[in-house]
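Visitor: First, the structure itself, so that you have it in front of you.
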Number of protein chains: 4
Amino acid sequence: MKTATILLTGFDPFGGETINPSWEAVRRLDGWTAPGLRVVAGLLPCEFGAARSALEALIERHRPQCLIAVGQAGKRAEISVERIAINVDDARIPDNAGRQPIDEPVMPGGPAAYFATLPIKAIVHGLRAAGIPAAVSQTAGTFVCNHVFYAAMHAAARRGGSLRAGFIHIPYLPEQAARHDGAPSLALDLVVQALQIAAQQSLGTEADLREGGGQID
Amino acid sequence: MKTATILLTGFDPFGGETINPSWEAVRRLDGWTAPGLRVVAGLLPCEFGAARSALEALIERHRPQCLIAVGQAGKRAEISVERIAINVDDARIPDNAGRQPIDEPVMPGGPAAYFATLPIKAIVHGLRAAGIPAAVSQTAGTFVCNHVFYAAMHAAARRGGSLRAGFIHIPYLPEQAARHDGAPSLALDLVVQALQIAAQQSLGTEADLREGGGQID
Amino acid sequence: MKTATILLTGFDPFGGETINPSWEAVRRLDGWTAPGLRVVAGLLPCEFGAARSALEALIERHRPQCLIAVGQAGKRAEISVERIAINVDDARIPDNAGRQPIDEPVMPGGPAAYFATLPIKAIVHGLRAAGIPAAVSQTAGTFVCNHVFYAAMHAAARRGGSLRAGFIHIPYLPEQAARHDGAPSLALDLVVQALQIAAQQSLGTEADLREGGGQID
Amino acid sequence: MKTATILLTGFDPFGGETINPSWEAVRRLDGWTAPGLRVVAGLLPCEFGAARSALEALIERHRPQCLIAVGQAGKRAEISVERIAINVDDARIPDNAGRQPIDEPVMPGGPAAYFATLPIKAIVHGLRAAGIPAAVSQTAGTFVCNHVFYAAMHAAARRGGSLRAGFIHIPYLPEQAARHDGAPSLALDLVVQALQIAAQQSLGTEADLREGGGQID
């Protein structure tokens, strides 16, 4: 059996934070191996456009079989496995380069959206079975996270079925939540473990589970 | 100037409720007119498939220039103007016919998503200016509301630019919230007024405003 | 039967708001009568100390049989009938006079807390029966609302059983919530109706209902 | 210097859970020592009355200088250091013995409330400085946690200044949150560390800090 390469990406800090839990977790998995897989970690700037270019360069360089982009979701309590990337940038705050696009397409002429091709239900199932809070999410927002997610799926679409891709949002670390009243958090060790499970589920699952992960409204 | 027809739809009650605020509000606007527009109200069953057929029949019968489908979002505090409909049914609870699809497409072979063609930013702007809590929403969920929203956009797409369409989620009425601990609500009068504003903005706005309405995560 | 006087108080706006829904509601009930009761409305400054003095002067002047102080609770979705006033001022923001006490007693030497003597369960029951979202609340916070609540109960305690008193927190009005993302609200008409019900329950209930209104944590 | 005894108590699981994070954390600290202090851990049943008797027996046996009762608060994201215990039992769900008191006093004839005598501001300050999410809480609810908190403060009051006491609410563990949609959690290691800090702050702080820890409403 060949060893598959899994590219995990994290982001620079943004929005006044000094760390980004996505990069803190992903960097710890750089070079991590499990039967049949090996992780490569990459850092993306929190900037529209530049993040997408950096992602495409990483894909070009590492030619992964699987790509899981990871980002911070400061109000969420769970590991959020994203279902769909949408073709719009609509920034509530400026990105790290000071740009704040409103209602611009991520990719002019691209489709309205792409579904993740990771087995999102199997990942959530595996995380919960391991005692890690997790849920499918129906929106990755409209900031740089969704921008990268869309770019990832666009790149995967051009490669046909050879690249499985998706996006996972993670909560603040406890040390970040300590400065935000009432914010939920997850410890770094748990997030790292969650990404290991997600990587393994992504390679080991042919057809995704048919388990509920929807939202009424 | 010709008078435009605006089709507003509401739903049957579901999820243990005895009323659905979407139909309560929409029915009160049946026949309502304002300069250049006339509202027709239609009731949809809260059932996958049947709701879509009923919607298509209403469009066929009334040939509206504008379609605003309205649904209940029991945990939201604001009028939520939906940005995007996605091609998936994933039901957390059975619909009113007992069906509970998981990860089935609304429309096999359809695109992953459609953006609303209503001027969503102008609607939110108009609502807030009138003192009504409102926001753009990045997900209409994966239940019958999103199902109808997707079907509406699909129907609009087949008609080219001649039908403007979208979806608005509304909170519980106070009398519903009185039976759900801590649930937010909006009074029926305010919701009716909100839909009047939405209808007028939808016809009176050529190009949508460029105002922020995004979400970081 | 003698007509009882019910004193309702509301507050000046604070925290950057231009209106305070408590005064908007209470002022509309000034002079309102129902069989056996008559309402007098009073306005309190949102200032530690001065609010208490103003309240005591109103009690002295009107000698009410019942006192319901009302205040704004911007994050709550329901009419909150407060259970207990505590003997501490701990201000997250300055009051309208610029004072920001931290861990000072409302009344040096006073008891740690007073329970409301309004029939709080009967009020919540009556509100819900009328279709108005309502709940017992276990904390009125530590800002000017709790300060006035404590002062009211202290005044009532000195009068023995002759003055029934308590505090009700109300949500933002919709026009306020329209400027606060995701904030819940209740319409002014509904709040006014809620205070009418509270006034009537307060006079008409001898012993409070034994209905659950607790909180696990 | 004499070594002070700190009694930490945790609870049995309740409300359908199979573990209680308070006991999981507290049991790991049984026998833990730091300069000048030694921890004794005690388990309390989640039952009105029986919990109070068990607590009083533990105080009698160990004669601690400091008592920190710990309980689970399943909806909270932070370590909640409680400010005040109130003299009421009002149970939303039955306790583990099937009892569900409504509006009964914890201690007939007792004062309406007791303030914690732990240095609550210093504890929150110390926790945040260590990167642990924490806040002062203005209510411990009206279930068995508040019951035990009140009983602890009552016992401390009878001993004059010789026993410092209070209550800390902790979130779910991640493995519990994995079964509750959207529930926040903290890892066990972090909670254990938090209790160590709380114990040290409780003994090492003469007069509490004057730092804000209030709540507007």
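In the structure tokens, chains take the letters A, B, ... in the order shown, each chain's residues start at 1, and ligands count up from 1 in the order shown.
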Region 175-185 of chain C: which residues within 7 Å, counting only C-alpha atoms, same-chain residues fewer than 3 positions away excluded, as a ChimeraX atom specification?
Guide: /B:77-78,128,131-134,184 /C:75-77,171-172
Visitor: Need the shell around Gly31 (chain B): protein/DNA/RNA residues with any atom at most 9 Å away, counting only C-alpha atoms. Skip same-chain ones fewer than 6 positions apart. Format as an MDAnalysis selection string?
Guide: chainID B and resid 38:41
Visitor: For those residues, write N, CA, C and O atoms to a file as a compact mmCIF listing (two decimals), in the first residue's frame.
Guide:
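Dumped to again.txt:
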# COMPACT_ATOMS: atom_id res chain seq x y z
N ARG B 38 -48.58 43.94 -6.01
CA ARG B 38 -49.73 43.26 -5.42
C ARG B 38 -49.26 41.90 -4.91
O ARG B 38 -48.56 41.17 -5.61
N VAL B 39 -49.64 41.59 -3.67
CA VAL B 39 -49.18 40.35 -3.06
C VAL B 39 -50.21 39.24 -3.22
O VAL B 39 -51.41 39.46 -3.04
N VAL B 40 -49.72 38.06 -3.56
CA VAL B 40 -50.53 36.84 -3.52
C VAL B 40 -49.88 35.91 -2.50
O VAL B 40 -48.66 35.73 -2.51
N ALA B 41 -50.69 35.36 -1.60
CA ALA B 41 -50.16 34.49 -0.56
C ALA B 41 -50.46 33.03 -0.86
O ALA B 41 -51.55 32.72 -1.36
Visitor: Pick from A:Arg99, A:Arg28, A:His154, A:Arg159: nearest to Gly49 (chain A), with only C-alpha atoms counted?
Guide: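 Distance minimum relative to Gly49 (chain A) lands on A:Arg99.
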Visitor: Using only C-alpha atoms for the distances, tell me which of B:Met153, B:Ala91, B:Ala207, B:Ile79 is nearest to Pro174 (chain C).
Guide: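 Once distances to Pro174 (chain C) are computed over only C-alpha atoms, the minimum belongs to B:Ile79.
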Visitor: So how many Å separate CA of Gly214 (chain A) and CA of Pro105 (chain B), to one decimal?
Guide: 12.9 Å
Visitor: Which neighbours of Val148 (chain D) fall inside 7 Å, counting only C-alpha atoms, when residues of the same chain fewer than 3 positions from it are skipped, and could you give them as a list in words?
Guide: Ala51, Arg52, Val144, Cys145, Ala151 and Ala152 of chain D
Visitor: Determine which residues of region 2-138 of chain A receive a DSSP assignment of alpha helix (DSSP H), computed from the backbone, and state them as an MDAnalysis selection string.
Guide: chainID A and resid 21:27 50:62 120:129
Visitor: Using only C-alpha atoms, which residue out of C:Gln193, C:Ile168, C:Thr117, C:Ser137 lies closest to Asp208 (chain C)?
Guide: C:Thr117
Visitor: Which residues of chain D have any atom within 9 Å of an atom in chain C when counting only C-alpha atoms, and what is the closest pair of atoms for each, with the distance in Å to one decimal? Order the rows by chain and rising number and write it as a Markdown table.
Guide:
| residue | atom | partner | partner_atom | distance |
| --- | --- | --- | --- | --- |
| D:Gly71 | CA | C:Asp217 | CA | 8.7 |
| D:Gln72 | CA | C:Asp217 | CA | 7.6 |
| D:Ala73 | CA | C:Asp217 | CA | 5.2 |
| D:Gly74 | CA | C:Asp217 | CA | 7.5 |
| D:Lys75 | CA | C:Asp217 | CA | 8.0 |
| D:Arg76 | CA | C:Asp217 | CA | 8.6 |
| D:Ile84 | CA | C:Ile86 | CA | 8.3 |
| D:Ile86 | CA | C:Ala113 | CA | 8.1 |
| D:Asp89 | CA | C:Gly214 | CA | 7.9 |
| D:Asp90 | CA | C:Gly214 | CA | 4.7 |
| D:Ala91 | CA | C:Gly214 | CA | 5.6 |
| D:Arg92 | CA | C:Gly214 | CA | 5.6 |
| D:Ile93 | CA | C:Ile216 | CA | 8.0 |
| D:Pro101 | CA | C:Gly212 | CA | 8.7 |
| D:Ile102 | CA | C:Gly212 | CA | 6.0 |
| D:Asp103 | CA | C:Arg210 | CA | 7.1 |
| D:Pro111 | CA | C:Pro111 | CA | 7.7 |
| D:Ala112 | CA | C:Ala113 | CA | 5.6 |
| D:Ala113 | CA | C:Ala113 | CA | 5.5 |
| D:Tyr114 | CA | C:Ala112 | CA | 6.0 |
| D:Phe115 | CA | C:Ala112 | CA | 6.8 |
| D:Gln138 | CA | C:Thr139 | CA | 6.3 |
| D:Thr139 | CA | C:Thr139 | CA | 6.1 |
| D:Ala140 | CA | C:Asp217 | CA | 5.6 |
| D:Gly141 | CA | C:Asp217 | CA | 4.5 |
| D:Thr142 | CA | C:Gln215 | CA | 5.4 |
| D:Phe143 | CA | C:Ile216 | CA | 5.0 |
| D:Val144 | CA | C:Ile216 | CA | 7.8 |
| D:Cys145 | CA | C:Asp217 | CA | 7.4 |
| D:Asn146 | CA | C:Asp217 | CA | 8.2 |
| D:His169 | CA | C:Asp217 | CA | 7.9 |
| D:Arg210 | CA | C:Ile102 | CA | 6.4 |
| D:Glu211 | CA | C:Ile102 | CA | 6.8 |
| D:Gly212 | CA | C:Ile102 | CA | 5.9 |
| D:Gly213 | CA | C:Asp90 | CA | 6.7 |
| D:Gly214 | CA | C:Asp90 | CA | 4.7 |
| D:Gln215 | CA | C:Gly141 | CA | 4.9 |
| D:Ile216 | CA | C:Phe143 | CA | 5.0 |
| D:Asp217 | CA | C:Gly141 | CA | 4.5 |
Visitor: Put those residues in a file: C-alpha atoms, as a PDB file, in the first residue's frame.
Guide:
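The file below, out_22.pdb, is the result:
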ATOM      1  CA  GLY D  71     -20.504  21.203  40.897  1.00  0.00           C
ATOM      2  CA  GLN D  72     -21.340  20.680  37.225  1.00  0.00           C
ATOM      3  CA  ALA D  73     -22.890  23.510  35.178  1.00  0.00           C
ATOM      4  CA  GLY D  74     -23.607  21.934  31.838  1.00  0.00           C
ATOM      5  CA  LYS D  75     -24.330  25.083  29.849  1.00  0.00           C
ATOM      6  CA  ARG D  76     -21.408  27.170  31.016  1.00  0.00           C
ATOM      7  CA  ILE D  84     -23.853  34.119  46.624  1.00  0.00           C
ATOM      8  CA  ILE D  86     -29.635  31.705  48.363  1.00  0.00           C
ATOM      9  CA  ASP D  89     -34.701  24.941  46.765  1.00  0.00           C
ATOM     10  CA  ASP D  90     -36.602  25.046  43.469  1.00  0.00           C
ATOM     11  CA  ALA D  91     -35.876  21.965  41.398  1.00  0.00           C
ATOM     12  CA  ARG D  92     -36.535  21.777  37.649  1.00  0.00           C
ATOM     13  CA  ILE D  93     -35.803  18.051  37.679  1.00  0.00           C
ATOM     14  CA  PRO D 101     -38.844  20.590  46.155  1.00  0.00           C
ATOM     15  CA  ILE D 102     -40.409  23.837  44.959  1.00  0.00           C
ATOM     16  CA  ASP D 103     -39.747  27.067  46.789  1.00  0.00           C
ATOM     17  CA  PRO D 111     -31.011  34.305  56.162  1.00  0.00           C
ATOM     18  CA  ALA D 112     -32.092  34.902  52.558  1.00  0.00           C
ATOM     19  CA  ALA D 113     -28.527  34.495  51.333  1.00  0.00           C
ATOM     20  CA  TYR D 114     -24.857  34.169  52.223  1.00  0.00           C
ATOM     21  CA  PHE D 115     -21.978  35.642  50.278  1.00  0.00           C
ATOM     22  CA  GLN D 138     -24.114  35.826  40.385  1.00  0.00           C
ATOM     23  CA  THR D 139     -26.263  32.717  40.733  1.00  0.00           C
ATOM     24  CA  ALA D 140     -25.574  29.099  41.598  1.00  0.00           C
ATOM     25  CA  GLY D 141     -29.111  28.196  40.535  1.00  0.00           C
ATOM     26  CA  THR D 142     -31.712  26.681  42.841  1.00  0.00           C
ATOM     27  CA  PHE D 143     -30.895  22.961  42.600  1.00  0.00           C
ATOM     28  CA  VAL D 144     -28.623  20.776  44.757  1.00  0.00           C
ATOM     29  CA  CYS D 145     -25.514  22.850  43.985  1.00  0.00           C
ATOM     30  CA  ASN D 146     -26.994  25.989  45.537  1.00  0.00           C
ATOM     31  CA  HIS D 169     -19.275  25.543  38.985  1.00  0.00           C
ATOM     32  CA  ARG D 210     -11.173  44.969  43.948  1.00  0.00           C
ATOM     33  CA  GLU D 211     -11.643  43.975  40.336  1.00  0.00           C
ATOM     34  CA  GLY D 212     -14.870  44.120  38.393  1.00  0.00           C
ATOM     35  CA  GLY D 213     -16.806  40.893  38.235  1.00  0.00           C
ATOM     36  CA  GLY D 214     -20.320  42.196  37.949  1.00  0.00           C
ATOM     37  CA  GLN D 215     -23.162  41.750  35.538  1.00  0.00           C
ATOM     38  CA  ILE D 216     -25.388  44.456  34.148  1.00  0.00           C
ATOM     39  CA  ASP D 217     -28.547  42.393  33.978  1.00  0.00           C
TER      40      ASP D 217
END
Visitor: Given only C-alpha atoms as the basis, pick out the residue of A:Arg164, A:Gln201, A:Val106, A:Ala194 nearest to Ala50 (chain A).
Guide: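 Closest residue, counting only C-alpha atoms: A:Val106.
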Visitor: Which of region 3-190 of chain D counts as strand (DSSP E) under DSSP, as a ChimeraX atom specification please?
Guide: /D:4-11,33-34,37-44,66-72,79-82,84-86,89-90,102-104,113-115,134-137,164-170
Visitor: Just to be explicit: take each residue in the selection above, keep N, CA and C atoms, and write the result as a short mmCIF file (atom, residue, chain, number, x, y, z; two decimals), in the first residue's frame.
Guide:
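Okay, selection-v9.cif is ready:
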data_model
loop_
_atom_site.label_atom_id
_atom_site.label_comp_id
_atom_site.auth_asym_id
_atom_site.auth_seq_id
_atom_site.Cartn_x
_atom_site.Cartn_y
_atom_site.Cartn_z
N ALA D 4 -2.64 23.97 56.24
CA ALA D 4 -4.09 24.12 56.27
C ALA D 4 -4.74 22.97 55.49
N THR D 5 -5.90 22.56 55.96
CA THR D 5 -6.67 21.54 55.24
C THR D 5 -7.73 22.23 54.38
N ILE D 6 -7.75 21.85 53.11
CA ILE D 6 -8.78 22.36 52.21
C ILE D 6 -9.68 21.20 51.82
N LEU D 7 -10.94 21.33 52.13
CA LEU D 7 -11.90 20.29 51.74
C LEU D 7 -12.51 20.66 50.39
N LEU D 8 -12.31 19.77 49.44
CA LEU D 8 -12.96 19.93 48.13
C LEU D 8 -14.05 18.87 48.04
N THR D 9 -15.23 19.28 47.63
CA THR D 9 -16.28 18.27 47.43
C THR D 9 -16.75 18.27 45.98
N GLY D 10 -17.13 17.07 45.51
CA GLY D 10 -17.73 16.88 44.19
C GLY D 10 -19.03 16.11 44.37
N PHE D 11 -19.78 16.01 43.27
CA PHE D 11 -21.09 15.36 43.33
C PHE D 11 -21.12 14.06 42.53
N THR D 33 -0.85 18.15 47.90
CA THR D 33 -0.31 19.15 48.81
C THR D 33 0.44 20.22 48.04
N ALA D 34 0.43 21.41 48.58
CA ALA D 34 1.24 22.53 48.09
C ALA D 34 1.75 23.21 49.36
N LEU D 37 -0.62 23.86 52.42
CA LEU D 37 -1.99 23.33 52.30
C LEU D 37 -2.01 21.86 51.89
N ARG D 38 -3.06 21.21 52.26
CA ARG D 38 -3.29 19.81 51.93
C ARG D 38 -4.78 19.63 51.61
N VAL D 39 -5.05 18.96 50.49
CA VAL D 39 -6.45 18.79 50.05
C VAL D 39 -7.03 17.46 50.52
N VAL D 40 -8.26 17.53 51.02
CA VAL D 40 -9.05 16.32 51.27
C VAL D 40 -10.27 16.39 50.36
N ALA D 41 -10.55 15.29 49.66
CA ALA D 41 -11.67 15.27 48.73
C ALA D 41 -12.84 14.50 49.32
N GLY D 42 -14.05 15.00 49.09
CA GLY D 42 -15.25 14.31 49.57
C GLY D 42 -16.32 14.25 48.49
N LEU D 43 -17.05 13.13 48.47
CA LEU D 43 -18.12 12.94 47.48
C LEU D 43 -19.47 13.18 48.13
N LEU D 44 -20.31 13.95 47.45
CA LEU D 44 -21.66 14.23 47.96
C LEU D 44 -22.70 13.61 47.04
N CYS D 66 -10.58 25.65 54.92
CA CYS D 66 -11.18 26.17 53.69
C CYS D 66 -12.01 25.07 53.04
N LEU D 67 -13.14 25.45 52.50
CA LEU D 67 -14.05 24.50 51.85
C LEU D 67 -14.44 25.05 50.48
N ILE D 68 -14.16 24.27 49.45
CA ILE D 68 -14.61 24.64 48.11
C ILE D 68 -15.48 23.51 47.59
N ALA D 69 -16.78 23.77 47.52
CA ALA D 69 -17.68 22.79 46.94
C ALA D 69 -17.70 23.02 45.43
N VAL D 70 -17.72 21.93 44.68
CA VAL D 70 -17.62 22.01 43.23
C VAL D 70 -18.81 21.28 42.61
N GLY D 71 -19.37 21.84 41.55
CA GLY D 71 -20.50 21.20 40.90
C GLY D 71 -20.48 21.43 39.39
N GLN D 72 -21.27 20.62 38.69
CA GLN D 72 -21.34 20.68 37.22
C GLN D 72 -22.36 21.72 36.77
N ILE D 79 -14.99 28.36 34.12
CA ILE D 79 -14.98 28.10 35.55
C ILE D 79 -15.76 29.25 36.19
N SER D 80 -16.87 28.94 36.88
CA SER D 80 -17.73 29.97 37.47
C SER D 80 -17.53 30.00 38.97
N VAL D 81 -16.99 31.09 39.46
CA VAL D 81 -16.79 31.22 40.89
C VAL D 81 -18.01 31.94 41.45
N GLU D 82 -18.75 31.24 42.28
CA GLU D 82 -20.05 31.73 42.71
C GLU D 82 -19.92 32.79 43.80
N ILE D 84 -22.81 34.09 45.59
CA ILE D 84 -23.85 34.12 46.62
C ILE D 84 -24.71 32.86 46.59
N ALA D 85 -25.02 32.37 47.78
CA ALA D 85 -25.90 31.20 47.96
C ALA D 85 -27.24 31.69 48.49
N ILE D 86 -28.33 31.19 47.94
CA ILE D 86 -29.64 31.71 48.36
C ILE D 86 -30.46 30.62 49.04
N ASP D 89 -34.80 26.12 47.63
CA ASP D 89 -34.70 24.94 46.77
C ASP D 89 -35.86 25.02 45.78
N ASP D 90 -35.55 25.01 44.50
CA ASP D 90 -36.60 25.05 43.47
C ASP D 90 -36.08 24.21 42.30
N ILE D 102 -40.13 22.56 45.63
CA ILE D 102 -40.41 23.84 44.96
C ILE D 102 -40.56 24.92 46.01
N ASP D 103 -39.68 25.90 45.91
CA ASP D 103 -39.75 27.07 46.79
C ASP D 103 -39.77 26.71 48.27
N GLU D 104 -38.94 25.74 48.64
CA GLU D 104 -38.74 25.45 50.05
C GLU D 104 -37.40 26.04 50.48
N ALA D 113 -29.71 34.85 52.13
CA ALA D 113 -28.53 34.50 51.33
C ALA D 113 -27.26 34.65 52.16
N TYR D 114 -26.21 33.98 51.68
CA TYR D 114 -24.86 34.17 52.22
C TYR D 114 -23.92 34.48 51.06
N PHE D 115 -23.05 35.45 51.24
CA PHE D 115 -21.98 35.64 50.28
C PHE D 115 -20.86 34.63 50.54
N ALA D 134 -12.57 31.91 33.04
CA ALA D 134 -13.19 31.97 34.37
C ALA D 134 -13.96 33.27 34.52
N ALA D 135 -14.97 33.23 35.38
CA ALA D 135 -15.75 34.44 35.66
C ALA D 135 -16.45 34.28 37.00
N VAL D 136 -16.75 35.43 37.63
CA VAL D 136 -17.63 35.42 38.78
C VAL D 136 -19.04 35.14 38.28
N SER D 137 -19.79 34.37 39.02
CA SER D 137 -21.20 34.10 38.68
C SER D 137 -22.08 34.64 39.79
N ARG D 164 -13.29 29.39 55.72
CA ARG D 164 -13.56 30.12 54.50
C ARG D 164 -14.24 29.16 53.53
N ALA D 165 -15.33 29.62 52.89
CA ALA D 165 -16.06 28.66 52.05
C ALA D 165 -16.65 29.31 50.80
N GLY D 166 -16.92 28.46 49.84
CA GLY D 166 -17.52 28.94 48.60
C GLY D 166 -17.82 27.80 47.64
N PHE D 167 -18.22 28.16 46.45
CA PHE D 167 -18.66 27.17 45.47
C PHE D 167 -18.14 27.53 44.08
N ILE D 168 -17.72 26.52 43.35
CA ILE D 168 -17.25 26.71 41.97
C ILE D 168 -18.01 25.77 41.04
N HIS D 169 -18.62 26.35 40.02
CA HIS D 169 -19.28 25.54 38.98
C HIS D 169 -18.30 25.31 37.83
N ILE D 170 -18.30 24.10 37.31
CA ILE D 170 -17.41 23.77 36.18
C ILE D 170 -18.23 23.24 35.01
#
Visitor: Quick one, how far is CA of Leu118 (chain D) from CA of Arg83 (chain D)?
Guide: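 Separating CA of Leu118 (chain D) from CA of Arg83 (chain D) is a distance of 8.8 Å.
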Visitor: Report, in Å with one decimal, the straight-line distance from CA of Gly161 (chain D) to CA of Ile120 (chain D).
Guide: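 Answer for the CA of Gly161 (chain D) to CA of Ile120 (chain D) separation: 16.3 Å.
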